Amino acid sequence: MLELDPVILSRIQFAFTITFHVIFPSFTIGLAAWLTTLEGLSMATGRPVYRRLFDFWLKIFVVAFVMGVVSGIVMAFQFGTNWSELAARTGPIQGPLLAYESFTAFLLEATFFGVMLFGRHRVPPWFYFVSCLMVAFGTSLSTFWILANNSWMQVPVGYALEGQQFVPTSWSAILTNEVLWVRFPHMLLAAYLTTAFCVAAVGAWYALRRLYAEDSRVMLRMGLGLAALLIPFQLVIGHLNGEYVEKHQPSKFTAIEGRWETEQPARLLLLAWPDEAAERNSFEIGVPVLGSFFDSLTFDSREPGIRTVAADERPPFLIPFYGFRAMVGMGLVMLFISWTGSVLVRRRRMDAGKLPPKWFLWATALSFPSGFIAVVAGWFTAEVGRQPWVVFGALRTADAVTPSLGTATALTSLLIYIGLYSIIFPAGTYYIHRTIQRGPGNETEADESTAVKVHRRVLPLGQ
Amino acid sequence: METIWQFDLVHFWAAALAFSILMYVLLDGFDLGVGMLFGISGDAGLRDRMLRTIAPVWDGNETWLVVIGTVLFGAFPAVYAIFLSAFYLPVAFLLGALILRGVSMEFRGRSSVRRRWFWNLGFSGGSFAAAFVQGAAVGALVKGIDVESGQYVGGPWDWLSPFAVFCGLGLVAGYALLGASWLVMKTRDDLREWSYHWLLRLLAVSIVFIAISFVWTLLARLNITDRWFQAPMLLIVPTLLLIAGVGGLLWSWRQRLDRLAYPMAALIFFAAFIAFLLSFWPWVLPGDLRFDQAAAPPKSLEFLFYGAGMIVLPIVVLYTVGVYWIFRGKSRPLDE
């Protein structure tokens, strides 16, 4: 059983706050780009559908963005509150990277967000478009700096130890960290795919309910089209991510594979239940040889098991193992839906006046959370798989915690965040859900009478 | 040469830090203040109009807090580590309050009228709590925190002294004053008059708080008073600024000069800020840690300087001014 010491409480708190936080940026990075695209299309073509969709998705964007910003502020301070040893030792490297994030990205987003929200009638159209672009640019830039920082913790480069402090020796090495340049595109594509599926799912939902025919078609085509285009790239980049893990973090790699003993040729485990005390899986289903094939593209490679890693340097097994499978599983779902979608477009099944098959619309509508699941699962795989290190191979998580932090204090803050998030997260989800229920082209959110009218219109066709 | 350069970079980043803190206090100060005045006013119509004045800018304002955090982390990691572990609970309360406040502001307009009270309470309560905790932390800092060999060694509740509580209440009054002066500038008719009414009261309360905390600091011989006794001249500039600010604010109240109120309230804060800076510099923790001792290695400071310091910071200031310019003048209904 877990013992509640400040280290485990701090880890739980970090995991909790970042899980909550990462959901919103991965939504808003894509949404900002989607809104910019809509605004651009609206300016170029003058078709009202684009403006209608812009106004509709802006309402959803606002909720997601605000929750992302406020939960992001927590992240900026946790390094000092809970991990002050980490902050003091790695501050010379992590500090500047995070400072660049807040200077170049956080302020840019937050400032132009105001214009995006309230500036429509105060600034010329070109400036409004530029503001959307700035928000989209800021969110992507933010992703870059966060991943630059996290990638350094995953695979530390360009530093020297002076006493206990990590001092930068080469910023270019830190910014050209080979893992950064596979992880950053991986995250960016994940965010775009997340949003693409949300957009397509909403389109499919309306199509199923025979509502907003034109809007729903635009959402389906654009969302699925983008996903169909991006997902092959994501699979390739995902594979490159696997290669860096195998090369730089063998302990994480074996946990993902669920492999205790070194095997030649290696199996690919589909399901497993590890027994860490006995150092074996108490239950497993695997396919022979396929493990070697995926890891090295040969049929007889020798793949190491976790027993090659010292016992006190092994990550927990279960979360990386299943996290990875959840992520890849979602990727395959996305691949299937988006490519089926492009086949349907090719067969002119998504033209005006026609509807794609019902099963496909249902599958698309239900895929709304697929991107979120993949992002969270992937993040968990990367972060938990790195344990017991906070800076991989160089600083242990247990040595990074704030020395003066007591159990009761750590528990207090954790309970504050849990209490708060369990109010605002369901509320935010509810408001997003309701905005979607009301659909595009319905003004005045708080206007009760409109809500009732819309509700009546939705219900007979709905449940 | 190297050392002089290093020394100047420390100065540069200390100045950038001071600037970010000032930006945060002056900007988020007024929207926290509006949040508190929102709590005082029970009138739904007034409340909606109050919110409208801060809706386009509060997000950007609050982000300066992140800038403070990350500049500390980047340029002065030792201070970042000590402060945040010493102020563990206040920081958790502050962040909790800011989260609640931020989402409440966005959610109240979306919720049904029946449930709106909850978000209204979250918005005003969060604003009060955030202002109080910030003031209390400043008070605790003036009083001093226990540090041994670069680590905080005190307990989790050390920050909460009577003096800190007093400072917390003082900042509540001060931010509310900033908020009232902002509302005076941005609103019309009955809301403007209502704000003028509160402006005067809050000014009186703030002056009382400033005076008592000054005397208290002297009597208790808190850390920074040695400096005051060594060089009393240091206090002349802030005192003059303070008098100018108070006088200007009274003048704008009498003459109903809407646009003068906020700059004058800001001047009062600026005076307090200067007094604070002069009392501490070059110490971060008087007697324990100086800015140059706490600074990150030259390579970190340089990396920050060439990009963030020289290029990005000026651009940020520029577009912040730009956005305030876009939303200048009396606040208008959103669809105008």
# chains A, B, ... in the order shown; residues from 1 in each chain; ligands from 1
>>> residues_around(residues="segment 96-111 of chain A", least_positions_apart="3", cutoff="8 Å", atoms="only C-alpha atoms", output="PDB file with C-alpha atoms, in the first residue's frame")
ATOM      1  CA  VAL A  69      -4.915  29.501 -18.413  1.00  0.00           C
ATOM      2  CA  GLY A  91      16.654  26.232 -12.154  1.00  0.00           C
ATOM      3  CA  PRO A  92      19.507  27.545 -14.337  1.00  0.00           C
ATOM      4  CA  ILE A  93      18.233  25.312 -17.145  1.00  0.00           C
ATOM      5  CA  GLY A 114      -9.136  39.600 -25.217  1.00  0.00           C
ATOM      6  CA  VAL A 115      -9.161  41.053 -28.724  1.00  0.00           C
ATOM      7  CA  MET A 134      -1.328  35.464 -32.677  1.00  0.00           C
ATOM      8  CA  VAL A 135      -3.353  33.310 -30.296  1.00  0.00           C
ATOM      9  CA  ALA A 136      -2.813  30.259 -32.493  1.00  0.00           C
ATOM     10  CA  PHE A 137       0.878  31.054 -32.826  1.00  0.00           C
ATOM     11  CA  GLY A 138       1.186  31.617 -29.078  1.00  0.00           C
ATOM     12  CA  THR A 139      -0.366  28.275 -28.203  1.00  0.00           C
ATOM     13  CA  LEU A 141       5.006  28.364 -29.213  1.00  0.00           C
ATOM     14  CA  SER A 142       3.927  27.472 -25.716  1.00  0.00           C
ATOM     15  CA  TRP A 145       8.910  25.607 -24.789  1.00  0.00           C
ATOM     16  CA  ILE A 146       7.076  23.185 -22.546  1.00  0.00           C
ATOM     17  CA  ALA A 148      11.853  21.740 -24.714  1.00  0.00           C
ATOM     18  CA  ASN A 149      11.795  21.766 -20.946  1.00  0.00           C
TER      19      ASN A 149
ATOM     20  CA  VAL B  57      -8.102  42.395 -20.171  1.00  0.00           C
ATOM     21  CA  ASP B  59      -6.639  37.329 -18.619  1.00  0.00           C
ATOM     22  CA  GLY B  60      -3.590  39.215 -19.818  1.00  0.00           C
ATOM     23  CA  THR B  63      -0.576  36.321 -16.805  1.00  0.00           C
ATOM     24  CA  TRP B  64       1.973  38.750 -15.372  1.00  0.00           C
ATOM     25  CA  VAL B  66       3.232  33.694 -14.349  1.00  0.00           C
ATOM     26  CA  VAL B  67       5.891  36.011 -15.715  1.00  0.00           C
ATOM     27  CA  THR B  70       9.133  32.189 -14.298  1.00  0.00           C
ATOM     28  CA  VAL B  71      11.527  35.156 -14.200  1.00  0.00           C
ATOM     29  CA  PHE B  73      12.743  30.632 -11.588  1.00  0.00           C
ATOM     30  CA  GLY B  74      14.904  31.540 -14.565  1.00  0.00           C
ATOM     31  CA  ALA B  75      17.048  34.337 -13.185  1.00  0.00           C
ATOM     32  CA  SER B 300      21.408  31.250 -18.046  1.00  0.00           C
ATOM     33  CA  LEU B 301      21.132  35.003 -17.596  1.00  0.00           C
ATOM     34  CA  PHE B 303      20.349  33.174 -22.747  1.00  0.00           C
ATOM     35  CA  LEU B 304      17.396  34.902 -21.137  1.00  0.00           C
ATOM     36  CA  ALA B 308      13.443  37.407 -23.726  1.00  0.00           C
ATOM     37  CA  VAL B 312      10.424  39.888 -26.354  1.00  0.00           C
ATOM     38  CA  LEU B 313       9.920  42.057 -23.276  1.00  0.00           C
ATOM     39  CA  VAL B 316       5.159  42.454 -24.839  1.00  0.00           C
ATOM     40  CA  TYR B 319       1.205  45.028 -27.456  1.00  0.00           C
ATOM     41  CA  THR B 320      -0.054  45.253 -23.899  1.00  0.00           C
ATOM     42  CA  VAL B 323      -4.610  46.192 -26.394  1.00  0.00           C
TER      43      VAL B 323
END
>>> residues_around(residues="Trp181 of chain A", least_positions_apart="6", cutoff="10 Å", atoms="only C-alpha atoms", output="list in words")
Phe144, Leu147, Ala148, Ser151, Leu175, Ile237, Leu240 and Asn241 of chain A
>>> residues_around(residues="Phe93 of chain B", least_positions_apart="4", cutoff="8 Å", atoms="only C-alpha atoms", output="ChimeraX atom specification")
/A:413,416 /B:89,97,129-130,133
>>> write_last_selection(atoms="N, CA, C and O atoms", output="mmCIF file, in the first residue's frame")
data_model
loop_
_atom_site.group_PDB
_atom_site.id
_atom_site.type_symbol
_atom_site.label_atom_id
_atom_site.label_comp_id
_atom_site.auth_asym_id
_atom_site.auth_seq_id
_atom_site.Cartn_x
_atom_site.Cartn_y
_atom_site.Cartn_z
ATOM 1 N N SER A 413 -2.850 21.190 0.220
ATOM 2 C CA SER A 413 -2.904 21.793 -1.113
ATOM 3 C C SER A 413 -3.530 20.822 -2.111
ATOM 4 O O SER A 413 -4.309 21.221 -2.972
ATOM 5 N N ILE A 416 -7.171 21.023 -1.763
ATOM 6 C CA ILE A 416 -7.689 22.266 -2.345
ATOM 7 C C ILE A 416 -7.884 22.093 -3.851
ATOM 8 O O ILE A 416 -8.949 22.393 -4.399
ATOM 9 N N LEU B 89 1.558 27.223 1.598
ATOM 10 C CA LEU B 89 0.103 27.293 1.759
ATOM 11 C C LEU B 89 -0.494 28.559 1.162
ATOM 12 O O LEU B 89 -1.489 28.480 0.431
ATOM 13 N N ALA B 97 -7.704 30.494 -5.306
ATOM 14 C CA ALA B 97 -8.594 31.655 -5.418
ATOM 15 C C ALA B 97 -8.620 32.191 -6.846
ATOM 16 O O ALA B 97 -9.683 32.521 -7.375
ATOM 17 N N ALA B 129 -9.908 36.720 -1.554
ATOM 18 C CA ALA B 129 -8.896 35.798 -1.039
ATOM 19 C C ALA B 129 -7.542 36.044 -1.704
ATOM 20 O O ALA B 129 -6.507 36.070 -1.036
ATOM 21 N N ALA B 130 -7.554 36.239 -3.012
ATOM 22 C CA ALA B 130 -6.292 36.437 -3.727
ATOM 23 C C ALA B 130 -5.597 37.705 -3.232
ATOM 24 O O ALA B 130 -4.383 37.718 -2.979
ATOM 25 N N VAL B 133 -4.250 37.194 0.443
ATOM 26 C CA VAL B 133 -3.078 36.325 0.531
ATOM 27 C C VAL B 133 -1.822 37.030 0.014
ATOM 28 O O VAL B 133 -0.745 36.927 0.601
#
>>> residues_around(residues="Ser104 of chain B", least_positions_apart="4", cutoff="8 Å", atoms="only C-alpha atoms", output="ChimeraX atom specification")
/B:100,108,119-120,122-123
>>> atom_distance(atom1="atom CA of Gly144 of chain B", atom2="atom CA of Ala275 of chain B")
16.8 Å
>>> residues_around(residues="Thr194 of chain A", least_positions_apart="5", cutoff="9 Å", atoms="only C-alpha atoms", output="ChimeraX atom specification")
/A:26-27,30,189,199,227,368-372,374-375
>>> write_last_selection(atoms="N, CA, C and O atoms", output="mmCIF file, in the first residue's frame")
data_model
loop_
_atom_site.group_PDB
_atom_site.id
_atom_site.type_symbol
_atom_site.label_atom_id
_atom_site.label_comp_id
_atom_site.auth_asym_id
_atom_site.auth_seq_id
_atom_site.Cartn_x
_atom_site.Cartn_y
_atom_site.Cartn_z
ATOM 1 N N SER A 26 -4.300 20.946 -25.167
ATOM 2 C CA SER A 26 -4.321 20.113 -26.365
ATOM 3 C C SER A 26 -5.598 20.363 -27.153
ATOM 4 O O SER A 26 -5.663 20.101 -28.346
ATOM 5 N N PHE A 27 -6.604 20.899 -26.525
ATOM 6 C CA PHE A 27 -7.828 21.302 -27.212
ATOM 7 C C PHE A 27 -7.650 22.694 -27.835
ATOM 8 O O PHE A 27 -7.976 22.913 -28.996
ATOM 9 N N GLY A 30 -5.311 23.328 -31.044
ATOM 10 C CA GLY A 30 -6.000 23.011 -32.292
ATOM 11 C C GLY A 30 -7.158 23.954 -32.568
ATOM 12 O O GLY A 30 -7.353 24.400 -33.698
ATOM 13 N N LEU A 189 0.920 17.591 -33.300
ATOM 14 C CA LEU A 189 -0.013 16.813 -34.123
ATOM 15 C C LEU A 189 -1.116 16.224 -33.249
ATOM 16 O O LEU A 189 -2.279 16.185 -33.656
ATOM 17 N N VAL A 199 -14.222 18.479 -33.660
ATOM 18 C CA VAL A 199 -14.993 19.178 -34.691
ATOM 19 C C VAL A 199 -15.812 18.186 -35.500
ATOM 20 O O VAL A 199 -17.027 18.345 -35.684
ATOM 21 N N ALA A 227 -7.684 15.251 -40.199
ATOM 22 C CA ALA A 227 -7.214 14.067 -39.472
ATOM 23 C C ALA A 227 -6.646 13.029 -40.434
ATOM 24 O O ALA A 227 -5.588 12.445 -40.185
ATOM 25 N N PHE A 368 -15.387 11.644 -30.124
ATOM 26 C CA PHE A 368 -15.097 12.969 -29.548
ATOM 27 C C PHE A 368 -13.912 12.940 -28.573
ATOM 28 O O PHE A 368 -13.002 13.744 -28.680
ATOM 29 N N PRO A 369 -13.894 12.010 -27.588
ATOM 30 C CA PRO A 369 -12.797 12.077 -26.617
ATOM 31 C C PRO A 369 -11.522 11.345 -27.046
ATOM 32 O O PRO A 369 -10.582 11.288 -26.261
ATOM 33 N N SER A 370 -11.485 10.791 -28.254
ATOM 34 C CA SER A 370 -10.347 9.926 -28.599
ATOM 35 C C SER A 370 -9.005 10.649 -28.462
ATOM 36 O O SER A 370 -8.039 10.089 -27.941
ATOM 37 N N GLY A 371 -8.965 11.900 -28.930
ATOM 38 C CA GLY A 371 -7.707 12.641 -28.846
ATOM 39 C C GLY A 371 -7.294 12.899 -27.407
ATOM 40 O O GLY A 371 -6.120 12.761 -27.046
ATOM 41 N N PHE A 372 -8.268 13.258 -26.568
ATOM 42 C CA PHE A 372 -7.952 13.538 -25.159
ATOM 43 C C PHE A 372 -7.391 12.289 -24.480
ATOM 44 O O PHE A 372 -6.419 12.352 -23.733
ATOM 45 N N ALA A 374 -5.894 9.790 -25.890
ATOM 46 C CA ALA A 374 -4.555 9.515 -26.411
ATOM 47 C C ALA A 374 -3.518 10.443 -25.783
ATOM 48 O O ALA A 374 -2.431 10.006 -25.394
ATOM 49 N N VAL A 375 -3.852 11.736 -25.674
ATOM 50 C CA VAL A 375 -2.893 12.693 -25.119
ATOM 51 C C VAL A 375 -2.569 12.364 -23.661
ATOM 52 O O VAL A 375 -1.406 12.284 -23.263
#
>>> residues_around(residues="segment 403-408 of chain A", least_positions_apart="3", cutoff="8 Å", atoms="only C-alpha atoms", output="JSON, numbers by chain")
{"A": [4, 5, 6, 9, 82, 84, 85, 411, 412], "B": [85, 151, 152, 153, 154, 155, 156]}
